[in-house]
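For reference, start18.pdb (PDB, C-alpha atoms):
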ATOM      1  CA  MET A   1     -17.193  -4.025  20.751
ATOM      2  CA  SER A   2     -19.154  -2.521  17.837
ATOM      3  CA  LYS A   3     -22.501  -3.196  19.566
ATOM      4  CA  ILE A   4     -21.310  -1.439  22.701
ATOM      5  CA  LEU A   5     -19.966   1.529  20.729
ATOM      6  CA  GLN A   6     -23.316   1.873  18.963
ATOM      7  CA  SER A   7     -24.728   2.917  22.334
ATOM      8  CA  LEU A   8     -22.278   5.836  22.668
ATOM      9  CA  LYS A   9     -24.077   9.044  23.514
ATOM     10  CA  LEU A  10     -22.328  12.424  23.721
ATOM     11  CA  ASP A  11     -24.346  15.231  25.299
ATOM     12  CA  LEU A  12     -23.180  18.806  24.896
ATOM     13  CA  LEU A  13     -22.574  20.749  28.098
ATOM     14  CA  SER A  14     -20.893  23.980  27.020
ATOM     15  CA  VAL A  15     -19.545  25.553  23.847
ATOM     16  CA  GLY A  16     -18.148  29.014  23.330
ATOM     17  CA  TYR A  17     -15.310  31.288  22.347
ATOM     18  CA  ALA A  18     -12.946  32.702  24.971
ATOM     19  CA  LYS A  19     -10.170  35.304  25.052
ATOM     20  CA  LEU A  20      -7.877  34.281  27.881
ATOM     21  CA  ASP A  21      -4.935  35.870  29.706
ATOM     22  CA  PRO A  22      -2.719  34.853  32.667
ATOM     23  CA  LEU A  23      -5.823  34.596  34.862
ATOM     24  CA  TRP A  24      -6.375  31.289  33.038
ATOM     25  CA  ASP A  25      -4.261  29.425  35.596
ATOM     26  CA  PHE A  26      -5.874  26.427  37.284
ATOM     27  CA  ASP A  27      -4.330  23.435  39.033
ATOM     28  CA  ASP A  28      -5.660  20.020  40.092
ATOM     29  CA  VAL A  29      -8.601  20.117  37.694
ATOM     30  CA  ILE A  30     -10.544  16.895  37.249
ATOM     31  CA  SER A  31     -13.862  16.995  35.419
ATOM     32  CA  PRO A  32     -16.481  14.318  34.656
ATOM     33  CA  PHE A  33     -16.640  15.389  31.018
ATOM     34  CA  ILE A  34     -14.602  15.555  27.811
ATOM     35  CA  ARG A  35     -12.965  18.844  26.772
ATOM     36  CA  LEU A  36     -12.152  19.878  23.198
ATOM     37  CA  TYR A  37     -10.244  23.019  22.204
ATOM     38  CA  TYR A  38      -9.588  24.811  18.924
ATOM     39  CA  ILE A  39      -6.891  27.479  19.389
ATOM     40  CA  THR A  40      -7.195  30.448  17.033
ATOM     41  CA  THR A  41      -4.348  32.656  18.263
ATOM     42  CA  GLY A  42      -1.729  32.812  20.989
ATOM     43  CA  SER A  43      -0.535  29.904  23.119
ATOM     44  CA  ALA A  44      -0.956  28.276  26.520
ATOM     45  CA  MET A  45      -0.087  25.029  28.290
ATOM     46  CA  VAL A  46      -2.069  22.086  29.604
ATOM     47  CA  TYR A  47      -0.633  19.260  31.662
ATOM     48  CA  HIS A  48      -2.411  15.905  31.803
ATOM     49  CA  SER A  49      -1.787  12.183  31.278
ATOM     50  CA  ASN A  50       1.856  12.682  32.341
ATOM     51  CA  ARG A  51       2.428  15.095  29.455
ATOM     52  CA  ALA A  52       3.029  18.806  28.996
ATOM     53  CA  ILE A  53       1.129  19.973  25.902
ATOM     54  CA  GLU A  54       1.517  23.387  24.335
ATOM     55  CA  LEU A  55      -1.726  24.800  22.964
ATOM     56  CA  LYS A  56      -0.842  26.259  19.559
ATOM     57  CA  SER A  57      -2.913  28.218  17.080
ATOM     58  CA  GLU A  58      -4.742  26.272  14.367
ATOM     59  CA  HIS A  59      -4.542  23.052  16.377
ATOM     60  CA  ILE A  60      -7.258  21.052  18.110
ATOM     61  CA  TYR A  61      -6.916  19.358  21.504
ATOM     62  CA  LEU A  62      -8.610  16.643  23.536
ATOM     63  CA  ILE A  63      -8.678  16.232  27.318
ATOM     64  CA  PRO A  64     -10.471  13.002  28.323
ATOM     65  CA  SER A  65     -13.004  12.921  31.142
ATOM     66  CA  TYR A  66     -11.805  12.229  34.697
ATOM     67  CA  THR A  67      -8.252  13.277  33.854
ATOM     68  CA  PHE A  68      -6.274  15.309  36.373
ATOM     69  CA  GLY A  69      -4.847  18.372  34.675
ATOM     70  CA  ARG A  70      -3.309  21.804  34.978
ATOM     71  CA  TYR A  71      -4.131  24.765  32.718
ATOM     72  CA  LYS A  72      -1.854  27.802  32.374
ATOM     73  CA  CYS A  73      -1.618  30.813  30.065
ATOM     74  CA  ASP A  74       1.436  33.028  30.540
ATOM     75  CA  ASP A  75       0.424  35.685  28.021
ATOM     76  CA  TYR A  76      -2.709  35.462  25.865
ATOM     77  CA  HIS A  77      -4.644  33.045  23.707
ATOM     78  CA  GLU A  78      -8.089  32.627  22.163
ATOM     79  CA  GLN A  79      -9.961  29.360  21.889
ATOM     80  CA  TYR A  80     -13.175  27.695  20.884
ATOM     81  CA  TYR A  81     -14.029  25.275  23.666
ATOM     82  CA  ILE A  82     -16.444  22.372  23.966
ATOM     83  CA  SER A  83     -17.312  20.186  26.922
ATOM     84  CA  CYS A  84     -19.546  17.140  26.627
ATOM     85  CA  SER A  85     -20.593  14.214  28.775
ATOM     86  CA  GLU A  86     -20.115  10.632  27.678
ATOM     87  CA  ASP A  87     -22.568   7.784  28.177
ATOM     88  CA  ILE A  88     -22.018   4.262  26.896
ATOM     89  CA  LYS A  89     -23.549   0.853  27.591
ATOM     90  CA  ASN A  90     -22.651  -0.917  30.859
ATOM     91  CA  GLY A  91     -20.673   2.041  32.177
ATOM     92  CA  TYR A  92     -17.770   1.638  29.737
ATOM     93  CA  SER A  93     -15.807   4.581  28.401
ATOM     94  CA  ILE A  94     -14.915   5.315  24.786
ATOM     95  CA  PHE A  95     -11.343   5.682  26.033
ATOM     96  CA  ASN A  96     -11.264   1.958  26.895
ATOM     97  CA  PHE A  97     -11.621   0.933  23.257
ATOM     98  CA  SER A  98      -8.737   2.616  21.504
ATOM     99  CA  SER A  99      -5.585   4.670  21.872
ATOM    100  CA  PHE A 100      -6.268   8.397  21.622
ATOM    101  CA  ILE A 101      -4.031  11.280  20.654
ATOM    102  CA  TYR A 102      -4.444  14.620  22.426
ATOM    103  CA  GLU A 103      -3.352  17.068  19.721
ATOM    104  CA  SER A 104      -3.886  17.386  15.969
ATOM    105  CA  LYS A 105      -3.262  19.984  13.295
ATOM    106  CA  ALA A 106      -6.639  21.562  12.594
ATOM    107  CA  THR A 107      -8.389  21.476   9.233
ATOM    108  CA  PRO A 108     -10.875  24.010   7.828
ATOM    109  CA  ARG A 109     -13.573  21.406   8.471
ATOM    110  CA  ASP A 110     -12.654  21.320  12.186
ATOM    111  CA  LEU A 111     -13.117  25.078  12.459
ATOM    112  CA  TYR A 112     -16.450  24.793  10.665
ATOM    113  CA  TYR A 113     -17.672  22.197  13.182
ATOM    114  CA  PHE A 114     -16.665  24.282  16.216
ATOM    115  CA  LYS A 115     -18.404  27.331  14.750
ATOM    116  CA  ARG A 116     -21.456  25.320  13.705
ATOM    117  CA  LEU A 117     -21.811  23.834  17.182
ATOM    118  CA  LEU A 118     -21.743  27.327  18.674
ATOM    119  CA  GLU A 119     -24.290  28.486  16.086
ATOM    120  CA  LEU A 120     -26.631  25.608  16.999
ATOM    121  CA  ASN A 121     -26.157  26.237  20.739
ATOM    122  CA  PRO A 122     -25.676  30.004  21.237
ATOM    123  CA  ASN A 123     -26.674  29.931  24.919
ATOM    124  CA  ARG A 124     -24.036  27.477  26.146
ATOM    125  CA  GLN A 125     -21.069  29.773  26.785
ATOM    126  CA  LEU A 126     -19.400  29.815  30.204
ATOM    127  CA  ASP A 127     -19.853  32.978  32.250
ATOM    128  CA  ASN A 128     -16.670  32.236  34.175
ATOM    129  CA  ASN A 129     -13.672  30.221  32.950
ATOM    130  CA  ASN A 130     -12.706  29.026  36.438
ATOM    131  CA  PRO A 131     -13.471  25.270  36.712
ATOM    132  CA  LYS A 132     -14.290  25.715  40.406
ATOM    133  CA  VAL A 133     -17.225  27.886  39.339
ATOM    134  CA  TYR A 134     -18.778  25.699  36.636
ATOM    135  CA  ASP A 135     -17.436  22.199  37.386
ATOM    136  CA  ASN A 136     -20.070  21.133  39.908
ATOM    137  CA  ARG A 137     -23.191  19.036  39.891
ATOM    138  CA  PRO A 138     -25.908  21.766  39.825
ATOM    139  CA  THR A 139     -24.213  23.633  36.960
ATOM    140  CA  LEU A 140     -23.635  20.453  34.946
ATOM    141  CA  MET A 141     -27.287  19.465  35.397
ATOM    142  CA  ASP A 142     -28.371  22.900  34.150
ATOM    143  CA  PHE A 143     -26.156  22.456  31.077
ATOM    144  CA  GLU A 144     -27.629  19.025  30.360
ATOM    145  CA  LYS A 145     -31.208  20.316  30.632
ATOM    146  CA  LYS A 146     -30.517  22.715  27.754
ATOM    147  CA  ASN A 147     -30.330  19.715  25.430
ATOM    148  CA  GLU A 148     -34.048  19.232  26.014
ATOM    149  CA  GLU A 149     -34.679  22.713  24.602
ATOM    150  CA  LEU A 150     -33.115  21.864  21.237
ATOM    151  CA  SER A 151     -35.196  20.947  18.218
ATOM    152  CA  LEU A 152     -34.838  17.361  17.036
ATOM    153  CA  SER A 153     -32.733  18.410  14.045
ATOM    154  CA  ALA A 154     -30.456  20.628  16.160
ATOM    155  CA  TYR A 155     -30.012  17.879  18.753
ATOM    156  CA  MET A 156     -29.137  15.246  16.132
ATOM    157  CA  GLU A 157     -26.696  17.566  14.350
ATOM    158  CA  THR A 158     -25.085  18.540  17.663
ATOM    159  CA  HIS A 159     -24.656  14.885  18.596
ATOM    160  CA  ALA A 160     -23.200  14.041  15.183
ATOM    161  CA  ILE A 161     -20.692  16.913  15.305
ATOM    162  CA  LEU A 162     -19.480  15.829  18.743
ATOM    163  CA  LYS A 163     -18.848  12.313  17.442
ATOM    164  CA  ILE A 164     -17.039  13.626  14.365
ATOM    165  CA  LEU A 165     -14.769  15.879  16.419
ATOM    166  CA  LEU A 166     -13.988  13.140  18.918
ATOM    167  CA  SER A 167     -13.159  10.758  16.068
ATOM    168  CA  ARG A 168     -10.374  13.154  15.012
ATOM    169  CA  PHE A 169      -8.377  12.031  18.045
ATOM    170  CA  ILE A 170      -8.565   8.278  17.590
ATOM    171  CA  GLY A 171      -5.081   6.957  16.873
ATOM    172  CA  GLU A 172      -4.573   5.238  13.535
ATOM    173  CA  PRO A 173      -3.629   1.561  14.081
ATOM    174  CA  ASN A 174      -0.824   1.661  11.502
ATOM    175  CA  SER A 175       0.831   4.626  13.198
ATOM    176  CA  GLN A 176       0.759   3.236  16.742
ATOM    177  CA  SER A 177       3.824   1.903  18.473
ATOM    178  CA  THR A 178       4.134  -1.689  19.650
ATOM    179  CA  LYS A 179       3.349  -0.419  23.118
ATOM    180  CA  ASN A 180       0.025   1.051  22.006
ATOM    181  CA  ASN A 181      -0.872  -2.061  20.033
ATOM    182  CA  LEU A 182      -0.349  -4.188  23.128
ATOM    183  CA  LYS A 183      -2.330  -1.681  25.135
ATOM    184  CA  LYS A 184      -5.206  -2.121  22.711
ATOM    185  CA  GLU A 185      -5.065  -5.882  23.217
ATOM    186  CA  PHE A 186      -5.562  -5.243  26.933
ATOM    187  CA  GLY A 187      -8.778  -3.384  26.129
ATOM    188  CA  LYS A 188     -10.946  -6.302  27.202
ATOM    189  CA  VAL A 189      -9.208  -6.368  30.574
ATOM    190  CA  LEU A 190      -9.843  -2.635  31.067
ATOM    191  CA  ASN A 191     -13.488  -3.101  30.097
ATOM    192  CA  HIS A 192     -13.774  -5.999  32.542
ATOM    193  CA  ILE A 193     -12.345  -3.829  35.320
ATOM    194  CA  HIS A 194     -14.636  -0.928  34.453
ATOM    195  CA  ALA A 195     -17.734  -3.140  34.397
ATOM    196  CA  ASN A 196     -16.914  -4.875  37.685
ATOM    197  CA  LEU A 197     -15.653  -2.118  39.962
ATOM    198  CA  HIS A 198     -18.417  -3.022  42.399
ATOM    199  CA  GLU A 199     -16.962  -6.538  42.744
ATOM    200  CA  PRO A 200     -13.725  -7.831  44.322
ATOM    201  CA  LEU A 201     -10.979  -7.773  41.686
ATOM    202  CA  SER A 202      -7.623  -9.514  42.036
ATOM    203  CA  VAL A 203      -4.553  -9.551  39.823
ATOM    204  CA  LYS A 204      -4.824 -13.332  39.557
ATOM    205  CA  GLN A 205      -8.416 -13.052  38.359
ATOM    206  CA  LEU A 206      -7.413 -10.539  35.687
ATOM    207  CA  ALA A 207      -4.428 -12.638  34.625
ATOM    208  CA  ASP A 208      -6.664 -15.704  34.349
ATOM    209  CA  PHE A 209      -9.136 -13.609  32.356
ATOM    210  CA  CYS A 210      -6.571 -13.170  29.580
ATOM    211  CA  HIS A 211      -4.858 -16.560  30.117
ATOM    212  CA  LEU A 212      -1.532 -15.160  31.335
ATOM    213  CA  ASN A 213       0.815 -15.901  34.197
ATOM    214  CA  THR A 214       0.122 -13.525  37.098
ATOM    215  CA  ASP A 215       3.645 -12.094  37.315
ATOM    216  CA  TYR A 216       3.909 -11.660  33.554
ATOM    217  CA  PHE A 217       0.477 -10.034  33.368
ATOM    218  CA  SER A 218       1.344  -7.592  36.154
ATOM    219  CA  ARG A 219       4.669  -6.659  34.545
ATOM    220  CA  VAL A 220       3.194  -6.120  31.062
ATOM    221  CA  PHE A 221       0.275  -4.172  32.529
ATOM    222  CA  LYS A 222       2.664  -1.761  34.255
ATOM    223  CA  GLU A 223       4.790  -1.395  31.101
ATOM    224  CA  ASN A 224       1.715  -0.333  29.123
ATOM    225  CA  PHE A 225      -0.286   1.668  31.653
ATOM    226  CA  GLY A 226       2.411   3.047  33.943
ATOM    227  CA  MET A 227       1.111   1.418  37.129
ATOM    228  CA  ARG A 228       0.441  -1.963  38.667
ATOM    229  CA  PRO A 229      -3.037  -3.482  38.168
ATOM    230  CA  ASN A 230      -4.063  -2.980  41.803
ATOM    231  CA  LYS A 231      -3.193   0.702  41.678
ATOM    232  CA  TYR A 232      -5.083   1.090  38.392
ATOM    233  CA  ILE A 233      -8.158  -0.602  39.868
ATOM    234  CA  GLN A 234      -8.011   1.661  42.911
ATOM    235  CA  SER A 235      -7.719   4.790  40.750
ATOM    236  CA  LYS A 236     -10.759   3.714  38.715
ATOM    237  CA  ARG A 237     -12.753   3.088  41.887
ATOM    238  CA  ILE A 238     -11.999   6.658  42.990
ATOM    239  CA  GLU A 239     -12.920   8.060  39.565
ATOM    240  CA  ARG A 240     -16.250   6.196  39.689
ATOM    241  CA  ALA A 241     -16.845   7.461  43.231
ATOM    242  CA  GLN A 242     -16.259  11.060  42.113
ATOM    243  CA  GLN A 243     -18.728  10.588  39.291
ATOM    244  CA  LEU A 244     -21.362   9.250  41.686
ATOM    245  CA  LEU A 245     -20.710  12.025  44.203
ATOM    246  CA  LEU A 246     -21.238  14.628  41.482
ATOM    247  CA  THR A 247     -24.200  13.094  39.674
ATOM    248  CA  THR A 248     -26.273  11.154  42.253
ATOM    249  CA  ASN A 249     -27.836  11.528  45.692
ATOM    250  CA  ASN A 250     -26.520   8.135  46.808
ATOM    251  CA  SER A 251     -25.274   7.968  50.388
ATOM    252  CA  LEU A 252     -21.551   7.591  51.004
ATOM    253  CA  LYS A 253     -22.141   3.986  52.067
ATOM    254  CA  GLN A 254     -24.053   3.260  48.852
ATOM    255  CA  ILE A 255     -21.273   4.807  46.779
ATOM    256  CA  ALA A 256     -18.629   2.837  48.667
ATOM    257  CA  GLU A 257     -20.506  -0.362  47.845
ATOM    258  CA  LYS A 258     -20.920   0.588  44.188
ATOM    259  CA  VAL A 259     -17.171   1.026  43.778
ATOM    260  CA  GLY A 260     -16.234  -2.175  45.584
ATOM    261  CA  LEU A 261     -15.114  -0.548  48.843
ATOM    262  CA  GLU A 262     -17.861  -1.653  51.196
ATOM    263  CA  ASN A 263     -16.096  -0.566  54.393
ATOM    264  CA  LEU A 264     -16.973   3.142  54.661
ATOM    265  CA  SER A 265     -13.947   4.119  56.745
ATOM    266  CA  TYR A 266     -11.614   2.351  54.300
ATOM    267  CA  PHE A 267     -13.368   4.045  51.372
ATOM    268  CA  THR A 268     -12.945   7.451  53.029
ATOM    269  CA  ARG A 269      -9.256   6.830  53.742
ATOM    270  CA  ILE A 270      -8.497   5.623  50.202
ATOM    271  CA  TYR A 271     -10.455   8.529  48.691
ATOM    272  CA  LYS A 272      -8.558  11.072  50.798
ATOM    273  CA  ASN A 273      -5.207   9.483  49.919
ATOM    274  CA  HIS A 274      -5.983   9.930  46.215
ATOM    275  CA  THR A 275      -7.608  13.376  46.238
ATOM    276  CA  GLY A 276      -6.514  15.096  49.455
ATOM    277  CA  ASN A 277     -10.159  15.461  50.480
ATOM    278  CA  THR A 278     -12.814  13.265  52.056
ATOM    279  CA  PRO A 279     -15.793  12.219  49.883
ATOM    280  CA  GLY A 280     -18.244  13.917  52.239
ATOM    281  CA  ARG A 281     -16.374  17.227  52.209
ATOM    282  CA  PHE A 282     -15.926  17.039  48.429
ATOM    283  CA  ARG A 283     -19.702  16.664  47.936
ATOM    284  CA  GLU A 284     -20.485  19.481  50.378
ATOM    285  CA  GLU A 285     -18.081  21.843  48.593
ATOM    286  CA  GLN A 286     -19.590  21.033  45.202
ATOM    287  CA  LEU A 287     -23.179  21.553  46.383
ATOM    288  CA  LYS A 288     -22.311  24.967  47.839
ATOM    289  CA  LYS A 289     -21.128  26.266  44.450
TER
END
Exercise: express the given structure as structure tokens:
Amino acid sequence: MSKILQSLKLDLLSVGYAKLDPLWDFDDVISPFIRLYYITTGSAMVYHSNRAIELKSEHIYLIPSYTFGRYKCDDYHEQYYISCSEDIKNGYSIFNFSSFIYESKATPRDLYYFKRLLELNPNRQLDNNNPKVYDNRPTLMDFEKKNEELSLSAYMETHAILKILLSRFIGEPNSQSTKNNLKKEFGKVLNHIHANLHEPLSVKQLADFCHLNTDYFSRVFKENFGMRPNKYIQSKRIERAQQLLLTTNNSLKQIAEKVGLENLSYFTRIYKNHTGNTPGRFREEQLKK
């Protein structure tokens, strides 16, 4: 695991300071990047990972990449915000390796890092806080290109700060429940799924992978991840497809093959069942923005 984590690369997309009112009200948001918030005043709500989380002043927050969410401010709040992309060896995700918390009481050092990141990257603020405006492939590519304009020292410091801030949300092993400890033990299974989405995957294969009875494996998997293995695999195939639709020029057939759904009509049907949209229409809408 340590060798894989050594390949972790976090690239800054946006950083800024926003004063937000009830117009900050967005539903069905799913983004191919990590979000971090530092709330300075006021309050708001975010809903993701089957949780309702109140954004409170002097707290920091994490929203993992490819997480469906809702964002709502009834009155007023101000926030430092960061978005960054994640790249790790063999297509894994940092979120496969540990349990993460989504909220933490902020420290003076946290505020320093948010401010320092904005100081290093003064031209990364969002012109519009609506995800439908900035959460699309052309805009994300423009953000990523700005990393090439940084000096070597600024790039290295930016990368280091992103890692430090993300580390603030890694759950401490001693404070985790039995459920989370068992979930961590299933990390190898999640990594295996993530690395082999382009291949056929069966519950029996996964159970054999960790030397468990198929029924027992399926039951424990659902207890820890809230869904059966087949449903989890399908959701990850759709997440990977969305990433490829946003970040590549691959054809729909190529994408279907890369996520293990080689029949294009089946891929389209499954994608629409999960997102309410077809993959072709989703790509067209993103390119028009």
May I have the residues within 6 Å of range 136-143 of chain A as number ranges by chain, using only C-alpha atoms and disregarding those fewer than 3 positions away in the same chain? A: 13, 146, 246, 286
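For the atom pair formed by CA of Glu257 in chain A and CA of Asn196 in chain A, the distance is 11.7 Å, given to one decimal.
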So that I can check the surroundings of range 265-268 of chain A, please list as a ChimeraX atom specification every protein, DNA and RNA residue that reaches within 10 Å of it, counting only C-alpha atoms and ignoring chain neighbours fewer than 5 positions away. /A:237-238,241,252-253,255-257,259-260,273,277-280
Using only C-alpha atoms, please write the residues we just selected to a file, as a compact mmCIF listing (two decimals), keeping the file's coordinate frame.
# COMPACT_ATOMS: atom_id res chain seq x y z
CA ARG A 237 -12.75 3.09 41.89
CA ILE A 238 -12.00 6.66 42.99
CA ALA A 241 -16.84 7.46 43.23
CA LEU A 252 -21.55 7.59 51.00
CA LYS A 253 -22.14 3.99 52.07
CA ILE A 255 -21.27 4.81 46.78
CA ALA A 256 -18.63 2.84 48.67
CA GLU A 257 -20.51 -0.36 47.84
CA VAL A 259 -17.17 1.03 43.78
CA GLY A 260 -16.23 -2.17 45.58
CA ASN A 273 -5.21 9.48 49.92
CA ASN A 277 -10.16 15.46 50.48
CA THR A 278 -12.81 13.26 52.06
CA PRO A 279 -15.79 12.22 49.88
CA GLY A 280 -18.24 13.92 52.24
Neighbouring residues of Tyr71 in chain A were defined as those with any atom within 8 Å, considering only C-alpha atoms; residues of the same chain fewer than 5 positions away were excluded. Please report them as a PDB file with C-alpha atoms, in the frame of the given file.
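This is the output file selection.pdb:
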ATOM      1  CA  TRP A  24      -6.375  31.289  33.038  1.00  0.00           C
ATOM      2  CA  ASP A  25      -4.261  29.425  35.596  1.00  0.00           C
ATOM      3  CA  PHE A  26      -5.874  26.427  37.284  1.00  0.00           C
ATOM      4  CA  ASP A  27      -4.330  23.435  39.033  1.00  0.00           C
ATOM      5  CA  ALA A  44      -0.956  28.276  26.520  1.00  0.00           C
ATOM      6  CA  MET A  45      -0.087  25.029  28.290  1.00  0.00           C
ATOM      7  CA  VAL A  46      -2.069  22.086  29.604  1.00  0.00           C
ATOM      8  CA  TYR A  47      -0.633  19.260  31.662  1.00  0.00           C
TER       9      TYR A  47
END
Take every atom of range 68-72 of chain A listed in the file, fit an axis-aligned box around them, add 3 Å per side, and give the centre and edge lengths in Å to one decimal as JSON.
{"center_x": -4.1, "center_y": 21.6, "center_z": 34.4, "size_x": 10.4, "size_y": 18.5, "size_z": 10.0}
For the point (-18.0, 20.0, 22.1) in file coordinates, what residues are within 9 Å, counting all atoms listed in the file? Give the answer as a PyMOL selection string? chain A and resi 10-15+34-37+81-84+114+117-118+158+161-162+165-166
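The closest residue to Asp208 in chain A, picked from A:Glu149, A:Val189, A:Arg70, A:Gly276 and counting all atoms listed in the file, is A:Val189.
CA of Ser104 in chain A is positioned 11.4 Å from CA of Ile53 in chain A.
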Missing atoms in range 65-72 of chain A need filling: write out all heavy atoms for it as an mmCIF file, in the frame of the given file.
data_model
loop_
_atom_site.group_PDB
_atom_site.id
_atom_site.type_symbol
_atom_site.label_atom_id
_atom_site.label_comp_id
_atom_site.auth_asym_id
_atom_site.auth_seq_id
_atom_site.Cartn_x
_atom_site.Cartn_y
_atom_site.Cartn_z
ATOM 1 N N SER A 65 -12.299 12.755 29.874
ATOM 2 C CA SER A 65 -13.004 12.921 31.142
ATOM 3 C C SER A 65 -12.231 12.249 32.271
ATOM 4 O O SER A 65 -11.469 11.307 32.052
ATOM 5 C CB SER A 65 -14.407 12.317 31.045
ATOM 6 O OG SER A 65 -14.338 10.954 30.638
ATOM 7 N N TYR A 66 -12.438 12.763 33.488
ATOM 8 C CA TYR A 66 -11.805 12.229 34.697
ATOM 9 C C TYR A 66 -10.287 12.158 34.570
ATOM 10 O O TYR A 66 -9.651 11.180 34.960
ATOM 11 C CB TYR A 66 -12.390 10.861 35.062
ATOM 12 C CG TYR A 66 -13.836 10.966 35.486
ATOM 13 C CD1 TYR A 66 -14.864 10.619 34.608
ATOM 14 C CD2 TYR A 66 -14.175 11.450 36.740
ATOM 15 C CE1 TYR A 66 -16.183 10.747 34.977
ATOM 16 C CE2 TYR A 66 -15.495 11.577 37.122
ATOM 17 C CZ TYR A 66 -16.500 11.224 36.237
ATOM 18 O OH TYR A 66 -17.809 11.363 36.610
ATOM 19 N N THR A 67 -9.701 13.188 33.996
ATOM 20 C CA THR A 67 -8.252 13.277 33.854
ATOM 21 C C THR A 67 -7.749 14.466 34.664
ATOM 22 O O THR A 67 -8.172 15.602 34.431
ATOM 23 C CB THR A 67 -7.856 13.451 32.376
ATOM 24 O OG1 THR A 67 -8.331 12.337 31.619
ATOM 25 C CG2 THR A 67 -6.342 13.549 32.224
ATOM 26 N N PHE A 68 -6.857 14.214 35.609
ATOM 27 C CA PHE A 68 -6.274 15.309 36.373
ATOM 28 C C PHE A 68 -5.445 16.184 35.440
ATOM 29 O O PHE A 68 -4.680 15.685 34.617
ATOM 30 C CB PHE A 68 -5.377 14.769 37.486
ATOM 31 C CG PHE A 68 -6.138 14.301 38.695
ATOM 32 C CD1 PHE A 68 -6.359 12.957 38.896
ATOM 33 C CD2 PHE A 68 -6.626 15.207 39.609
ATOM 34 C CE1 PHE A 68 -7.060 12.508 40.015
ATOM 35 C CE2 PHE A 68 -7.332 14.774 40.730
ATOM 36 C CZ PHE A 68 -7.550 13.420 40.925
ATOM 37 N N GLY A 69 -5.583 17.489 35.571
ATOM 38 C CA GLY A 69 -4.847 18.372 34.675
ATOM 39 C C GLY A 69 -4.534 19.722 35.292
ATOM 40 O O GLY A 69 -5.080 20.097 36.335
ATOM 41 N N ARG A 70 -3.647 20.425 34.625
ATOM 42 C CA ARG A 70 -3.309 21.804 34.978
ATOM 43 C C ARG A 70 -3.398 22.641 33.723
ATOM 44 O O ARG A 70 -3.018 22.189 32.625
ATOM 45 C CB ARG A 70 -1.894 21.874 35.560
ATOM 46 C CG ARG A 70 -1.363 23.302 35.717
ATOM 47 C CD ARG A 70 -0.273 23.403 36.764
ATOM 48 N NE ARG A 70 0.364 24.715 36.835
ATOM 49 C CZ ARG A 70 -0.225 25.841 37.208
ATOM 50 N NH1 ARG A 70 -1.509 25.835 37.511
ATOM 51 N NH2 ARG A 70 0.438 26.973 37.258
ATOM 52 N N TYR A 71 -3.913 23.878 33.846
ATOM 53 C CA TYR A 71 -4.131 24.765 32.718
ATOM 54 C C TYR A 71 -3.438 26.093 33.028
ATOM 55 O O TYR A 71 -3.661 26.682 34.089
ATOM 56 C CB TYR A 71 -5.622 24.993 32.496
ATOM 57 C CG TYR A 71 -6.416 23.712 32.322
ATOM 58 C CD1 TYR A 71 -6.742 22.914 33.422
ATOM 59 C CD2 TYR A 71 -6.822 23.289 31.061
ATOM 60 C CE1 TYR A 71 -7.451 21.732 33.266
ATOM 61 C CE2 TYR A 71 -7.532 22.119 30.893
ATOM 62 C CZ TYR A 71 -7.835 21.346 32.006
ATOM 63 O OH TYR A 71 -8.531 20.170 31.856
ATOM 64 N N LYS A 72 -2.618 26.578 32.076
ATOM 65 C CA LYS A 72 -1.854 27.802 32.374
ATOM 66 C C LYS A 72 -1.600 28.598 31.100
ATOM 67 O O LYS A 72 -1.167 28.061 30.084
ATOM 68 C CB LYS A 72 -0.515 27.424 33.024
ATOM 69 C CG LYS A 72 0.323 28.622 33.449
ATOM 70 C CD LYS A 72 1.532 28.177 34.240
ATOM 71 C CE LYS A 72 2.420 29.349 34.644
ATOM 72 N NZ LYS A 72 1.696 30.357 35.430
#
